[in-house]
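A short write-up of the structure that comes next.
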Protein chains: 4
Amino acid sequence: MNTLGNKLRVTVFGQSHAPAIGCVIDGLPAGFAPDMERLAAFMARRAPGQNAWSTNRRESDAPEVLSGLVDGKTCGAPVSAVIRNSGQHSSDYSGLKRTPRPSHADYTALIKYGENYDIRGGGQFSGRLTAPLCLAGAFALQILEQKGITVAAHIGKIADVVDAPPDFAQVSREELTALLARPFPVFQEDSGVKMRQAIEKARMDCDSVGGVVRCFAVGLPAGIGEPMFGGVENRLAAALFGIPAVRGVSFGTGFAAAGMRGSEHNDPFAVEDGKITVRTNHAGGVLGGITSGLPLVVNAAFKPTASIAKEQDTVDLQTRANTRITIHGRHDPCIVPRAVPVVEAVTALTLLDMIMED
Amino acid sequence: MNTLGNKLRVTVFGQSHAPAIGCVIDGLPAGFAPDMERLAAFMARRAPGQNAWSTNRRESDAPEVLSGLVDGKTCGAPVSAVIRNSGQHSSDYSGLKRTPRPSHADYTALIKYGENYDIRGGGQFSGRLTAPLCLAGAFALQILEQKGITVAAHIGKIADVVDAPPDFAQVSREELTALLARPFPVFQEDSGVKMRQAIEKARMDCDSVGGVVRCFAVGLPAGIGEPMFGGVENRLAAALFGIPAVRGVSFGTGFAAAGMRGSEHNDPFAVEDGKITVRTNHAGGVLGGITSGLPLVVNAAFKPTASIAKEQDTVDLQTRANTRITIHGRHDPCIVPRAVPVVEAVTALTLLDMIMED
Amino acid sequence: MNTLGNKLRVTVFGQSHAPAIGCVIDGLPAGFAPDMERLAAFMARRAPGQNAWSTNRRESDAPEVLSGLVDGKTCGAPVSAVIRNSGQHSSDYSGLKRTPRPSHADYTALIKYGENYDIRGGGQFSGRLTAPLCLAGAFALQILEQKGITVAAHIGKIADVVDAPPDFAQVSREELTALLARPFPVFQEDSGVKMRQAIEKARMDCDSVGGVVRCFAVGLPAGIGEPMFGGVENRLAAALFGIPAVRGVSFGTGFAAAGMRGSEHNDPFAVEDGKITVRTNHAGGVLGGITSGLPLVVNAAFKPTASIAKEQDTVDLQTRANTRITIHGRHDPCIVPRAVPVVEAVTALTLLDMIMED
Amino acid sequence: MNTLGNKLRVTVFGQSHAPAIGCVIDGLPAGFAPDMERLAAFMARRAPGQNAWSTNRRESDAPEVLSGLVDGKTCGAPVSAVIRNSGQHSSDYSGLKRTPRPSHADYTALIKYGENYDIRGGGQFSGRLTAPLCLAGAFALQILEQKGITVAAHIGKIADVVDAPPDFAQVSREELTALLARPFPVFQEDSGVKMRQAIEKARMDCDSVGGVVRCFAVGLPAGIGEPMFGGVENRLAAALFGIPAVRGVSFGTGFAAAGMRGSEHNDPFAVEDGKITVRTNHAGGVLGGITSGLPLVVNAAFKPTASIAKEQDTVDLQTRANTRITIHGRHDPCIVPRAVPVVEAVTALTLLDMIMED
């Protein structure tokens with residue numbers, strides 16, 4: 001369903017072309033004063049239409065907080081907020097119920113909900129629903145920060161361009177803070193240039209590209225997470241697959257671990273300045289589902305945007321004949337840059353929830 | 001925690017060297033008569049000591065069913081079963097509380113549970129706890145089969161050896177049934193030979209190797225799964241990360257999708273014999289968290305076994321000095337072959353739960 | 001927390017004096033066309049200021065639906081709705097943080113949330129939060145009705161005046177429909193007259209009175225409910241205690257069963273027109289947590305309104321001295337008549353959730 | 001289902017005549033050393049056959065702990081325990097599938113589970129399943145005690161005999177400790193005598209009687225409980241209705257509050273020795289779902305045992321004709337005395353869970 005979390009619980013609602021989208025955040029500690037300017041700045045990182053590498057569709061994402069804040073502070077009641085939808089071109093989407101877009105949730109949603117499914121703008125499966133997730137995540141990020149925990153993600157890969165991250169065992173708060181300040185969040189500037197070129201090339205080709213977002217959390221206490229099905233991996237994976245277009249979630253070295261030997265993948269413990277640390281951090285900060293206190297590293301693979309301008313094969317559900325479709329509307333040739341704050345938001349919400357449960 | 005599922009709920013208990021391990025399976029439909037011989041055969045696929053490529057440690061994994069079955073049929077009450085532990089060499093594990101094994105849950109468990117943590121044989125984090133998961137999964141697999149759904153996994157990769165799967169859009173019940181009958185579950189015999197060589201080589205080197213298990217489900221109805229956080233991906237990922245050593249979970253083409261273009265990754269719909277199908281199935285049978293009715297494809301990456309015979313660097317938690325450790329005991333140089341039925345079990349439990357919820 | 005249900009899930013938000021209150025209803029079947037006029041009529045039964053026996057404070061409870069409905073039908077996405085707050089007299093509530101009102105949640109909320117608790121109008125503990133519950137319940141009631149299930153409650157008791165219900169084994173849809181049409185929902189008109197007199201007398205005395213609401217559901221299928229902690233009683237009780245001022249929940253003959261003998265309380269089965277029924281229905285339609293198909297009978301005891309005009313003893317939390325308090329503002333001398341639709345709403349939501357889970 | 005709790009989670013399994021019953025307790029803090037003698041003494045209070053006022057059927061309820069304890073201390077892994085069933089007279093129950101016992105779960109269980117339902121000895125609905133609940137509760141009670149919280153219940157009523165409790169605002173740990181030491185837990189000795197006479201009279205009449213168990217918890221911290229559906233009342237009620245034969249749950253003055261005026265029912269705050277307290281405690285220690293720090297008072301109404309020796313009317317489900325039934329087997333003429341520790345156990349498990357969540 002549309003609810004994430006146990007003790008800190010976010011419920012997301014809305015469709016792309018409904019009157020509004022929004023969320024309810026239940027369980028925030030009372031007395032927290034969110035910095036609303038930083039919240040707006042965080043949400044702006046996800047907003048479209050702000051730069052060359054995303055769709056030129058604009059959203060007015062100013063949320064109205066309806067409850068839960070008194071004099072700028074949380075009061076213990078759920079924080080609820082709505083973001084009005086406006087400026088949608090619903091006519092763009094007519095006919096899609098008959099000829100489903102390849103690799104889009106349209107098709108399965110039509111099977112599940114039937115004729116009444118709200119297909120306009122991708123309905124409840126629209127990437128627009130990640131705006132309230134970012135709103136909720138902004139609260140969690142600020143609270144984590146007060147606890148000395150920094151969460152930040154970089155674009156690990158777009159098309160075949162890779163951005164090399166810092167050593168997982170050494171990644172520092174300073175590096176993450178610097179990363180958060182960059183408009184295009186990569187560690188190596190030239191990777192960013194090549195990634196934007198790859199996106200631009202895909203756009204020119206009426207096509208799209210995918211990528212990987214890698215998220216770090218430093219400052220996490222050791223011992224967070226429950227065994228077997230209650231571990232950090234279980235919880236983060238369940239949450240991150242809630243972001244549209246995510247196709248894989250891994251931790252630390254991830255799928256590459258499958259090709260490694262134990263002697264290579266094992267992270268030797270070491271004492272440094274009297275503190276226990278590791279020489280490498282292939283584990284990504286989690287052992288047996290429980291945090292080790294080392295930097296948490298989680299990777300999310302995003303598929304290329306399904307809505308491409310190129311003509312594609314599909315079927316006519318009415319005549320049950322093969323046909324072709326050209327998708328109109330304004331779509332990102334690569335969702336990955338805008339997905340970075342969404343991954344940070346969902347990671348922060350899940351980590352804060354688990355810390356509060358502990 | 002140690003419970004999986006909503007409507008079909010499995011609770012696992014035990015430690016490697018406790019008197020017993022076991023599980024409680026709540027929510028099974030009444031009147032189901034499990035084939036106990038097939039259940040035993042399924043559990044035997046996971047059991048150690050049966051062939052060259054696994055540890056020579058033997059388990060007597062005959063479960064005793066304590067409740068829930070009357071005259072061989074489920075009666076509506078929870079099915080509970082225990083498997084006695086015996087033949088453990090607890091002395092092998094003395095000293096580990098002081099010098100944690102690299103990349104093992106020992107370290108984080110000691111932080112979480114303190115001195116009282118049962119470290120013998122990996123305690124509650126031992127791979128032995130997957131035996132009750134297989135027991136529960138055997139029920140789910142048989143029930144799914146009665147519904148026309150077949151779940152089977154192959155070894156997709158060990159070390160750098162890959163087993164090419166059938167076309168994701170075309171994989172058939174017959175191919176899966178044949179796969180299930182093989183002692184070493186790969187589609188291409190020569191891949192299996194090379195994989196076993198890689199395992200043997202790692203053992204000779206006192207080392208270990210990782211791999212990937214790829215699980216298929218054919219015959220699934222379309223429309224299973226809820227949006228956002230209730231999708232098939234969220235639920236399967238949360239469940240599969242409960243298996244020790246899993247480092248990544250992906251669907252269909254998975255992380256490779258990150259490097260693809262939309263025109264390449266999108267699965268064009270097509271009409272075949274009057275039925276709607278797809279030309280490719282990069283999506284792995286799930287769109288927007290909801291099944292499309294096509295073969296489900298889920299991949300789980302396993303790290304190399306952390307317990308290797310080679311001497312390794314670690315720390316002495318008491319003196320807080322660097323030291324070295326040599327791990328004794330009998331450990332699989334590659335957990336992947338024995339993990340195959342575990343992945344099938346967990347996938348089946350989750351899919352059946354979601355079907356029952358629908 | 002502020003969420004009710006598993007498969008049908010209602011999240012309530014807002015405080016009495018926040019910009020708005022509202023709810024998110026997740027899990028409604030797609031394609032349901034709510035009758036919005038009947039929904040408004042149902043919500044009006046709860047609204048204050050409409051008649052002699054409730055507070056003369058008025059609410060404008062017209063909800064704005066923000067999502068989930070397209071062309072008047074549910075589309076599968078969560079239905080969200082907000083009700084703006086207006087016309088509150090927040091000044092009435094100044095000083096309450098220092099001198100807590102006896103038997104009011106003010107005191108415990110201050111302990112839990114501290115200085116930041118929104119005490120105006122009872123904050124998130126205000127009876128006003130039952131408006132969104134009624135909104136959600138109106139959806140559930142209409143869907144249940146389509147399934148042939150009628151839910152209706154009467155005022156079983158106010159002060160010492162009792163309204164005798166029909167025979168629990170015989171209560172019919174027709175009786176319930178007639179009950180629903182009455183402005184003051186009692187079976188016996190003279191009980192209603194005496195109840196209103198008791199309320200009026202309490203008001204004259206600057207005091208308040210409590211009562212009992214008894215809710216019936218006829219047409220329920222047999223077999224709904226899970227054993228032990230998943231039964232109809234567990235679920236309904238957990239839900240009904242979410243209504244402010246509820247102090248007890250019982251089923252059928254309820255607490256009176258404690259004084260009865262088995263031979264008197266047992267409901268003998270009987271065959272009538274070839275159908276199995278019972279001669280009495282002390283059980284209230286539930287045995288072992290599972291519906292029997294007979295009328296469901298659930299009773300909820302409401303305490304007298306805590307906010308009375310009479311001067312009362314309390315303490316000054318700042319000086320830690322005894323003091324006295326006179327509560328201003330407009331409060332119902334008896335909440336019970338307005339609680340009737342709330343009990344129906346919560347009962348309907350829970351029953352529909354359980355039916356959908358089955 | 002058969003699982004109780006969130007952070008402390010108890011899963012109960014077994015049927016009356018299965019090989020065993022038992023439970024899994026997940027979430028206990030590591031390092032707790034249960035006093036197994038006191039645990040056995042606590043379980044003995046529930047066991048049948050020990051005195052004149054209960055059935056002469058004997059159980060050997062010695063549990064075997066299978067996991068979770070190492071050297072007598074919890075290790076962080078789930079504690080699991082089984083109690084073997086033996087000495088059942090299964091033949092007593094033959095024929096019951098055809099002629100259901102009035103007011104017994106047999107009937108609804110047959111509808112739900114069909115022919116395969118294990119009807120022997122009441123199957124999974126048997127009061128015998130409260131033995132593992134007591135086992136789990138014994139852990140919780142001892143942990144609460146270490147936190148300075150005492151939980152104890154008295155028999156508030158049997159038939160028409162009432163045992164007057166101490167002032168709810170003043171009840172002390174000493175009174176509760178004394179209560180726990182009594183074989184027949186009442187505050188007034190003469191009430192106990194009359195209650196036992198009422199039970200004996202019912203037995204002589206081949207009949208049964210019901211009653212009320214009232215449970216106290218003193219020493220609870222203020223501020224435990226979440227608003228609306230997460231309150232102490234919601235959680236305790238949901239849990240207590242899991243005990244067979246419970247027909248109502250109320251707090252403090254309970255249903256009697258319905259007949260009171262606000263000025264009478266409100267609990268005036270007062271300062272005593274510099275501490276804030278109340279003059280009365282009609283609320284039973286909970287306001288708005290949140291503990292006030294005052295004694296918690298919860299009442300559970302038990303119906304008279306459904307299985308009585310007297311001949312009763314019922315139906316033949318096969319011929320669909322009216323018939324009569326005489327129930328054989330050994331049944332308590334009053335379940336209430338043996339239910340006292342069960343109510344304590346379930347209350348303790350729920351309170352500890354809520355404290356751990358806080």
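How things are named: the first chain in the structure tokens is A, the next is B, and so on; residues count from 1 in each chain; ligands count from 1 in the order shown.
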
Counting only C-alpha atoms, which residues of chain C fall within 6 Å of chain A, and what is the closest atom pair for each with its distance in Å at one decimal, ordered by chain and rising number, as a Markdown table?
| residue | atom | partner | partner_atom | distance |
| --- | --- | --- | --- | --- |
| C:Phe13 | CA | A:Pro78 | CA | 5.7 |
| C:Gly14 | CA | A:Ser67 | CA | 4.9 |
| C:Ala18 | CA | A:Ser67 | CA | 5.3 |
| C:Pro19 | CA | A:Leu66 | CA | 5.2 |
| C:Ala20 | CA | A:Leu66 | CA | 5.3 |
| C:Ala30 | CA | A:Tyr113 | CA | 5.5 |
| C:Gly31 | CA | A:Asn116 | CA | 5.5 |
| C:Leu66 | CA | A:Pro19 | CA | 5.2 |
| C:Ser67 | CA | A:Gly14 | CA | 4.9 |
| C:Cys75 | CA | A:Tyr117 | CA | 4.6 |
| C:Gly76 | CA | A:Tyr113 | CA | 5.9 |
| C:Ala77 | CA | A:Gln124 | CA | 5.9 |
| C:Pro78 | CA | A:Phe13 | CA | 5.7 |
| C:Tyr113 | CA | A:Ala30 | CA | 5.5 |
| C:Asn116 | CA | A:Cys75 | CA | 4.9 |
| C:Tyr117 | CA | A:Cys75 | CA | 4.6 |
| C:Asp118 | CA | A:Cys75 | CA | 5.7 |
| C:Gln124 | CA | A:Ala77 | CA | 5.9 |

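Neighbouring residues of Ala283 (chain C) at 8 Å or closer, counting only C-alpha atoms and skipping chain neighbours under 6 positions away, are Phe251, Gly252, Thr253, Asn266 and Asp267 of chain C; Ser103 of chain D.
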
* By how many Å are CA of Leu110 (chain D) and CA of Glu264 (chain C) apart? -> 23.9 Å

* To do: Mind listing the strand (DSSP E or B) residues of region 70-296 of chain B, per DSSP on the backbone, as a ChimeraX atom specification?
  => /B:70,73-74,79-84,150-158,161-162,209,211-218,246-251,261,269-272,275-278,286-287,290-291,296
